Amino acid sequence: MVAVADALLCPRCRTRFDAPRDTCPHDGKRLVPDLTGLVLGGRYSLTELLGVGGMDSSVWLAMQAPVERLVAVKLLPPTTQQAAERFARGARIASKLNHP
């Protein structure tokens, strides 16, 4: 489970906010928790917010240890079982893609 960060990030301008708010005052984008530095599963260290996706997800650049490979990690907020299954189905489909 991912802990919610105190700070928030704008996915467009990358401004960081410590005060609670829903949208960026600069461009109106919905803010997401700043999870920079969080390590998931002992292997994926989140380094940079890449953007937001469908289903209120956030997409992060992460370093996969111990192979030191850059990967993209998509995180969903707490959700319903049906939404989690839909996400898993999309992940399985995306994992079959192979493109440089």
# chains A, B, ... in the order shown; residues from 1 in each chain; ligands from 1
>>> closest_atom_pairs(of="stretch 19-55 of chain A", to="stretch 6-14 of chain A", cutoff="10 Å", atoms="only C-alpha atoms", output="CSV")
residue,atom,partner,partner_atom,distance
A:Ala19,CA,A:Ala7,CA,7.3
A:Pro20,CA,A:Leu8,CA,7.8
A:Arg21,CA,A:Leu8,CA,8.3
A:Asp22,CA,A:Leu8,CA,8.9
A:Thr23,CA,A:Cys10,CA,7.8
A:Cys24,CA,A:Cys10,CA,6.1
A:Pro25,CA,A:Cys10,CA,9.5
A:His26,CA,A:Cys13,CA,8.0
A:Asp27,CA,A:Cys13,CA,7.7
A:Gly28,CA,A:Cys10,CA,8.9
A:Lys29,CA,A:Cys10,CA,6.4
A:Arg30,CA,A:Cys10,CA,6.8
A:Leu31,CA,A:Cys10,CA,4.9
A:Val32,CA,A:Leu9,CA,5.4
A:Pro33,CA,A:Leu8,CA,4.4
A:Asp34,CA,A:Leu8,CA,4.9
A:Leu35,CA,A:Ala7,CA,8.3
A:Thr36,CA,A:Leu9,CA,9.8
A:Glu48,CA,A:Arg14,CA,9.5
A:Leu49,CA,A:Pro11,CA,6.8
A:Leu50,CA,A:Pro11,CA,7.1
A:Gly51,CA,A:Pro11,CA,5.2
A:Val52,CA,A:Pro11,CA,6.8
>>> write_last_selection(atoms="N, CA, C and O atoms", output="compact mmCIF listing (two decimals), in the first residue's frame")
# COMPACT_ATOMS: atom_id res chain seq x y z
N ALA A 19 0.95 23.19 1.06
CA ALA A 19 -0.38 23.49 1.61
C ALA A 19 -1.43 22.67 0.87
O ALA A 19 -1.33 22.47 -0.34
N PRO A 20 -2.44 22.18 1.59
CA PRO A 20 -3.48 21.40 0.93
C PRO A 20 -4.26 22.23 -0.09
O PRO A 20 -4.65 23.36 0.17
N ARG A 21 -4.45 21.68 -1.27
CA ARG A 21 -5.24 22.29 -2.33
C ARG A 21 -5.53 21.20 -3.34
O ARG A 21 -4.87 20.18 -3.37
N ASP A 22 -6.49 21.44 -4.22
CA ASP A 22 -6.88 20.43 -5.21
C ASP A 22 -6.25 20.66 -6.58
O ASP A 22 -5.93 19.72 -7.28
N THR A 23 -6.09 21.94 -6.95
CA THR A 23 -5.60 22.26 -8.28
C THR A 23 -4.44 23.25 -8.22
O THR A 23 -4.30 24.00 -7.25
N CYS A 24 -3.66 23.26 -9.28
CA CYS A 24 -2.53 24.18 -9.38
C CYS A 24 -3.05 25.58 -9.69
O CYS A 24 -3.83 25.75 -10.64
N PRO A 25 -2.63 26.60 -8.93
CA PRO A 25 -3.09 27.96 -9.21
C PRO A 25 -2.49 28.54 -10.50
O PRO A 25 -3.00 29.51 -11.04
N HIS A 26 -1.44 27.91 -11.02
CA HIS A 26 -0.78 28.40 -12.22
C HIS A 26 -1.47 27.93 -13.50
O HIS A 26 -1.56 28.69 -14.47
N ASP A 27 -1.93 26.67 -13.52
CA ASP A 27 -2.48 26.12 -14.77
C ASP A 27 -3.77 25.32 -14.58
O ASP A 27 -4.30 24.79 -15.54
N GLY A 28 -4.27 25.22 -13.34
CA GLY A 28 -5.54 24.57 -13.10
C GLY A 28 -5.53 23.05 -13.12
O GLY A 28 -6.58 22.41 -12.98
N LYS A 29 -4.36 22.43 -13.26
CA LYS A 29 -4.27 20.97 -13.28
C LYS A 29 -4.52 20.39 -11.89
O LYS A 29 -4.18 21.00 -10.88
N ARG A 30 -5.11 19.19 -11.87
CA ARG A 30 -5.34 18.48 -10.61
C ARG A 30 -3.99 18.06 -10.04
O ARG A 30 -3.15 17.52 -10.75
N LEU A 31 -3.77 18.32 -8.75
CA LEU A 31 -2.51 17.98 -8.10
C LEU A 31 -2.52 16.52 -7.67
O LEU A 31 -3.56 15.95 -7.38
N VAL A 32 -1.32 15.94 -7.62
CA VAL A 32 -1.16 14.55 -7.17
C VAL A 32 -0.17 14.52 -6.02
O VAL A 32 0.69 15.41 -5.90
N PRO A 33 -0.25 13.50 -5.15
CA PRO A 33 0.71 13.40 -4.05
C PRO A 33 2.14 13.29 -4.58
O PRO A 33 2.39 12.60 -5.57
N ASP A 34 3.06 14.00 -3.93
CA ASP A 34 4.47 13.93 -4.29
C ASP A 34 5.08 12.69 -3.64
O ASP A 34 5.36 12.69 -2.44
N LEU A 35 5.28 11.65 -4.41
CA LEU A 35 5.82 10.39 -3.90
C LEU A 35 7.28 10.20 -4.28
O LEU A 35 7.81 9.09 -4.19
N THR A 36 7.94 11.29 -4.68
CA THR A 36 9.35 11.23 -5.05
C THR A 36 10.15 10.61 -3.91
O THR A 36 10.02 11.02 -2.76
N GLU A 48 10.60 10.62 -10.50
CA GLU A 48 10.03 11.80 -11.14
C GLU A 48 8.61 11.51 -11.61
O GLU A 48 8.34 10.45 -12.18
N LEU A 49 7.71 12.47 -11.38
CA LEU A 49 6.35 12.36 -11.89
C LEU A 49 6.38 12.60 -13.40
O LEU A 49 6.85 13.62 -13.86
N LEU A 50 5.87 11.63 -14.15
CA LEU A 50 5.81 11.78 -15.61
C LEU A 50 4.49 12.37 -16.06
O LEU A 50 4.43 13.08 -17.05
N GLY A 51 3.42 12.07 -15.32
CA GLY A 51 2.12 12.60 -15.70
C GLY A 51 1.00 11.85 -15.00
O GLY A 51 1.24 11.05 -14.10
N VAL A 52 -0.20 12.14 -15.43
CA VAL A 52 -1.36 11.46 -14.86
C VAL A 52 -2.05 10.69 -15.98
O VAL A 52 -2.00 11.07 -17.14
>>> select_by_dssp(residues="chain A", states="strand (DSSP E or B)", output="ChimeraX atom specification")
/A:8-9,16-17,23,30,32-33,39-40,44-52,58-64,69-75
>>> write_last_selection(atoms="N, CA and C atoms", output="compact mmCIF listing (two decimals), in the first residue's frame")
# COMPACT_ATOMS: atom_id res chain seq x y z
N LEU A 8 2.24 18.03 -2.54
CA LEU A 8 1.53 17.76 -3.79
C LEU A 8 2.33 18.32 -4.96
N LEU A 9 2.16 17.70 -6.15
CA LEU A 9 2.84 18.13 -7.36
C LEU A 9 1.84 18.43 -8.46
N ARG A 16 5.72 22.26 -6.69
CA ARG A 16 5.45 21.48 -5.48
C ARG A 16 4.71 22.37 -4.49
N PHE A 17 3.66 21.82 -3.87
CA PHE A 17 2.87 22.56 -2.90
C PHE A 17 2.84 21.80 -1.58
N THR A 23 -6.09 21.94 -6.95
CA THR A 23 -5.60 22.26 -8.28
C THR A 23 -4.44 23.25 -8.22
N ARG A 30 -5.11 19.19 -11.87
CA ARG A 30 -5.34 18.48 -10.61
C ARG A 30 -3.99 18.06 -10.04
N VAL A 32 -1.32 15.94 -7.62
CA VAL A 32 -1.16 14.55 -7.17
C VAL A 32 -0.17 14.52 -6.02
N PRO A 33 -0.25 13.50 -5.15
CA PRO A 33 0.71 13.40 -4.05
C PRO A 33 2.14 13.29 -4.58
N VAL A 39 9.97 4.03 -2.16
CA VAL A 39 10.42 2.76 -2.71
C VAL A 39 9.26 1.78 -2.60
N LEU A 40 8.88 1.21 -3.74
CA LEU A 40 7.77 0.26 -3.80
C LEU A 40 8.29 -1.16 -3.88
N TYR A 44 11.46 -0.61 -6.55
CA TYR A 44 11.21 0.51 -7.46
C TYR A 44 11.25 1.83 -6.69
N SER A 45 12.27 2.63 -6.96
CA SER A 45 12.42 3.92 -6.31
C SER A 45 11.88 5.00 -7.24
N LEU A 46 10.80 5.67 -6.82
CA LEU A 46 10.17 6.69 -7.65
C LEU A 46 11.05 7.93 -7.70
N THR A 47 11.34 8.40 -8.92
CA THR A 47 12.26 9.52 -9.06
C THR A 47 11.62 10.78 -9.62
N GLU A 48 10.60 10.62 -10.50
CA GLU A 48 10.03 11.80 -11.14
C GLU A 48 8.61 11.51 -11.61
N LEU A 49 7.71 12.47 -11.38
CA LEU A 49 6.35 12.36 -11.89
C LEU A 49 6.38 12.60 -13.40
N LEU A 50 5.87 11.63 -14.15
CA LEU A 50 5.81 11.78 -15.61
C LEU A 50 4.49 12.37 -16.06
N GLY A 51 3.42 12.07 -15.32
CA GLY A 51 2.12 12.60 -15.70
C GLY A 51 1.00 11.85 -15.00
N VAL A 52 -0.20 12.14 -15.43
CA VAL A 52 -1.36 11.46 -14.86
C VAL A 52 -2.05 10.69 -15.98
N SER A 58 -1.37 8.01 -11.37
CA SER A 58 -0.19 8.83 -11.62
C SER A 58 0.89 7.92 -12.19
N VAL A 59 1.70 8.46 -13.11
CA VAL A 59 2.74 7.68 -13.77
C VAL A 59 4.08 8.27 -13.37
N TRP A 60 4.97 7.41 -12.88
CA TRP A 60 6.25 7.83 -12.34
C TRP A 60 7.41 7.17 -13.06
N LEU A 61 8.51 7.91 -13.20
CA LEU A 61 9.78 7.33 -13.61
C LEU A 61 10.38 6.72 -12.35
N ALA A 62 10.85 5.49 -12.46
CA ALA A 62 11.41 4.81 -11.29
C ALA A 62 12.68 4.07 -11.69
N MET A 63 13.54 3.86 -10.71
CA MET A 63 14.74 3.06 -10.89
C MET A 63 14.46 1.69 -10.28
N GLN A 64 14.62 0.65 -11.10
CA GLN A 64 14.40 -0.71 -10.62
C GLN A 64 15.71 -1.26 -10.08
N ARG A 69 17.63 -0.25 -13.77
CA ARG A 69 16.95 0.00 -15.04
C ARG A 69 15.84 1.01 -14.80
N LEU A 70 15.73 2.00 -15.70
CA LEU A 70 14.63 2.95 -15.60
C LEU A 70 13.35 2.32 -16.13
N VAL A 71 12.27 2.47 -15.37
CA VAL A 71 10.98 1.93 -15.74
C VAL A 71 9.91 2.97 -15.45
N ALA A 72 8.74 2.79 -16.05
CA ALA A 72 7.59 3.62 -15.73
C ALA A 72 6.69 2.81 -14.81
N VAL A 73 6.20 3.47 -13.75
CA VAL A 73 5.32 2.82 -12.78
C VAL A 73 4.02 3.62 -12.73
N LYS A 74 2.90 2.93 -12.92
CA LYS A 74 1.60 3.58 -12.85
C LYS A 74 0.93 3.19 -11.54
N LEU A 75 0.54 4.20 -10.77
CA LEU A 75 -0.07 3.98 -9.46
C LEU A 75 -1.54 4.39 -9.48
>>> residues_around(residues="A:Pro77", least_positions_apart="4", cutoff="9 Å", atoms="only C-alpha atoms", output="ChimeraX atom specification")
/A:2,55-58
>>> write_last_selection(atoms="N, CA, C and O atoms", output="PDB file, in the first residue's frame")
ATOM      1  N   VAL A   2       0.493   2.238  -0.734  1.00  0.00           N
ATOM      2  CA  VAL A   2       1.253   3.480  -0.868  1.00  0.00           C
ATOM      3  C   VAL A   2       0.735   4.496   0.135  1.00  0.00           C
ATOM      4  O   VAL A   2      -0.458   4.744   0.221  1.00  0.00           O
ATOM      5  N   MET A  55      -8.285   6.843 -14.758  1.00  0.00           N
ATOM      6  CA  MET A  55      -8.651   6.256 -13.471  1.00  0.00           C
ATOM      7  C   MET A  55      -7.962   6.950 -12.291  1.00  0.00           C
ATOM      8  O   MET A  55      -7.659   6.339 -11.283  1.00  0.00           O
ATOM      9  N   ASP A  56      -7.650   8.258 -12.421  1.00  0.00           N
ATOM     10  CA  ASP A  56      -6.964   9.025 -11.368  1.00  0.00           C
ATOM     11  C   ASP A  56      -5.592   8.455 -11.014  1.00  0.00           C
ATOM     12  O   ASP A  56      -5.135   8.559  -9.893  1.00  0.00           O
ATOM     13  N   SER A  57      -4.935   7.842 -11.987  1.00  0.00           N
ATOM     14  CA  SER A  57      -3.621   7.255 -11.735  1.00  0.00           C
ATOM     15  C   SER A  57      -2.528   8.300 -11.930  1.00  0.00           C
ATOM     16  O   SER A  57      -2.736   9.327 -12.575  1.00  0.00           O
ATOM     17  N   SER A  58      -1.366   8.012 -11.369  1.00  0.00           N
ATOM     18  CA  SER A  58      -0.185   8.832 -11.624  1.00  0.00           C
ATOM     19  C   SER A  58       0.890   7.916 -12.190  1.00  0.00           C
ATOM     20  O   SER A  58       0.990   6.746 -11.822  1.00  0.00           O
TER      21      SER A  58
END
>>> select_by_dssp(residues="stretch 3-99 of chain A", states="helix (DSSP H, G or I)", output="number ranges by chain")
A: 54-56, 81-95
>>> atom_distance(atom1="atom CA of A:Thr80", atom2="atom CA of A:Gly41")
21.5 Å
>>> atom_distance(atom1="atom CA of A:Pro100", atom2="atom CA of A:Phe87")
23.4 Å
>>> decode(residues="stretch 61-95 of chain A", atoms="N, CA and C atoms", output="compact mmCIF listing (two decimals), in the first residue's frame")
# COMPACT_ATOMS: atom_id res chain seq x y z
N LEU A 61 8.51 7.91 -13.20
CA LEU A 61 9.78 7.33 -13.61
C LEU A 61 10.38 6.72 -12.35
N ALA A 62 10.85 5.49 -12.46
CA ALA A 62 11.41 4.81 -11.29
C ALA A 62 12.68 4.07 -11.69
N MET A 63 13.54 3.86 -10.71
CA MET A 63 14.74 3.06 -10.89
C MET A 63 14.46 1.69 -10.28
N GLN A 64 14.62 0.65 -11.10
CA GLN A 64 14.40 -0.71 -10.62
C GLN A 64 15.71 -1.26 -10.08
N ALA A 65 15.70 -1.62 -8.80
CA ALA A 65 16.89 -2.21 -8.18
C ALA A 65 16.72 -3.72 -8.20
N PRO A 66 17.73 -4.52 -8.23
CA PRO A 66 19.14 -4.15 -8.27
C PRO A 66 19.70 -4.00 -9.68
N VAL A 67 18.86 -4.08 -10.71
CA VAL A 67 19.38 -4.04 -12.08
C VAL A 67 19.62 -2.63 -12.59
N GLU A 68 19.23 -1.63 -11.82
CA GLU A 68 19.43 -0.22 -12.17
C GLU A 68 18.89 0.10 -13.56
N ARG A 69 17.63 -0.25 -13.77
CA ARG A 69 16.95 0.00 -15.04
C ARG A 69 15.84 1.01 -14.80
N LEU A 70 15.73 2.00 -15.70
CA LEU A 70 14.63 2.95 -15.60
C LEU A 70 13.35 2.32 -16.13
N VAL A 71 12.27 2.47 -15.37
CA VAL A 71 10.98 1.93 -15.74
C VAL A 71 9.91 2.97 -15.45
N ALA A 72 8.74 2.79 -16.05
CA ALA A 72 7.59 3.62 -15.73
C ALA A 72 6.69 2.81 -14.81
N VAL A 73 6.20 3.47 -13.75
CA VAL A 73 5.32 2.82 -12.78
C VAL A 73 4.02 3.62 -12.73
N LYS A 74 2.90 2.93 -12.92
CA LYS A 74 1.60 3.58 -12.85
C LYS A 74 0.93 3.19 -11.54
N LEU A 75 0.54 4.20 -10.77
CA LEU A 75 -0.07 3.98 -9.46
C LEU A 75 -1.54 4.39 -9.48
N LEU A 76 -2.37 3.52 -8.95
CA LEU A 76 -3.79 3.82 -8.81
C LEU A 76 -4.09 4.26 -7.39
N PRO A 77 -5.03 5.17 -7.21
CA PRO A 77 -5.47 5.48 -5.85
C PRO A 77 -6.32 4.30 -5.36
N PRO A 78 -6.64 4.25 -4.07
CA PRO A 78 -7.53 3.19 -3.58
C PRO A 78 -8.78 3.15 -4.45
N THR A 79 -9.20 1.95 -4.83
CA THR A 79 -10.25 1.83 -5.82
C THR A 79 -11.12 0.61 -5.57
N THR A 80 -12.08 0.39 -6.42
CA THR A 80 -12.96 -0.78 -6.31
C THR A 80 -12.29 -2.00 -6.93
N GLN A 81 -12.79 -3.17 -6.60
CA GLN A 81 -12.26 -4.41 -7.16
C GLN A 81 -12.41 -4.42 -8.68
N GLN A 82 -13.55 -3.95 -9.17
CA GLN A 82 -13.80 -3.92 -10.61
C GLN A 82 -12.79 -3.02 -11.33
N ALA A 83 -12.51 -1.85 -10.76
CA ALA A 83 -11.54 -0.95 -11.37
C ALA A 83 -10.14 -1.55 -11.33
N ALA A 84 -9.79 -2.23 -10.24
CA ALA A 84 -8.48 -2.87 -10.13
C ALA A 84 -8.33 -3.97 -11.18
N GLU A 85 -9.38 -4.73 -11.43
CA GLU A 85 -9.34 -5.77 -12.45
C GLU A 85 -9.19 -5.17 -13.85
N ARG A 86 -9.87 -4.05 -14.10
CA ARG A 86 -9.75 -3.36 -15.39
C ARG A 86 -8.33 -2.85 -15.58
N PHE A 87 -7.73 -2.32 -14.52
CA PHE A 87 -6.36 -1.84 -14.57
C PHE A 87 -5.41 -3.01 -14.86
N ALA A 88 -5.60 -4.13 -14.17
CA ALA A 88 -4.74 -5.30 -14.37
C ALA A 88 -4.85 -5.82 -15.80
N ARG A 89 -6.05 -5.82 -16.34
CA ARG A 89 -6.26 -6.26 -17.73
C ARG A 89 -5.49 -5.34 -18.69
N GLY A 90 -5.57 -4.05 -18.48
CA GLY A 90 -4.83 -3.09 -19.31
C GLY A 90 -3.32 -3.28 -19.18
N ALA A 91 -2.86 -3.58 -17.97
CA ALA A 91 -1.43 -3.80 -17.75
C ALA A 91 -0.95 -5.04 -18.49
N ARG A 92 -1.76 -6.10 -18.47
CA ARG A 92 -1.39 -7.32 -19.19
C ARG A 92 -1.29 -7.05 -20.69
N ILE A 93 -2.23 -6.29 -21.23
CA ILE A 93 -2.21 -5.96 -22.66
C ILE A 93 -0.98 -5.11 -22.98
N ALA A 94 -0.71 -4.10 -22.15
CA ALA A 94 0.44 -3.21 -22.40
C ALA A 94 1.76 -3.96 -22.29
N SER A 95 1.83 -4.96 -21.42
CA SER A 95 3.09 -5.69 -21.22
C SER A 95 3.45 -6.53 -22.44
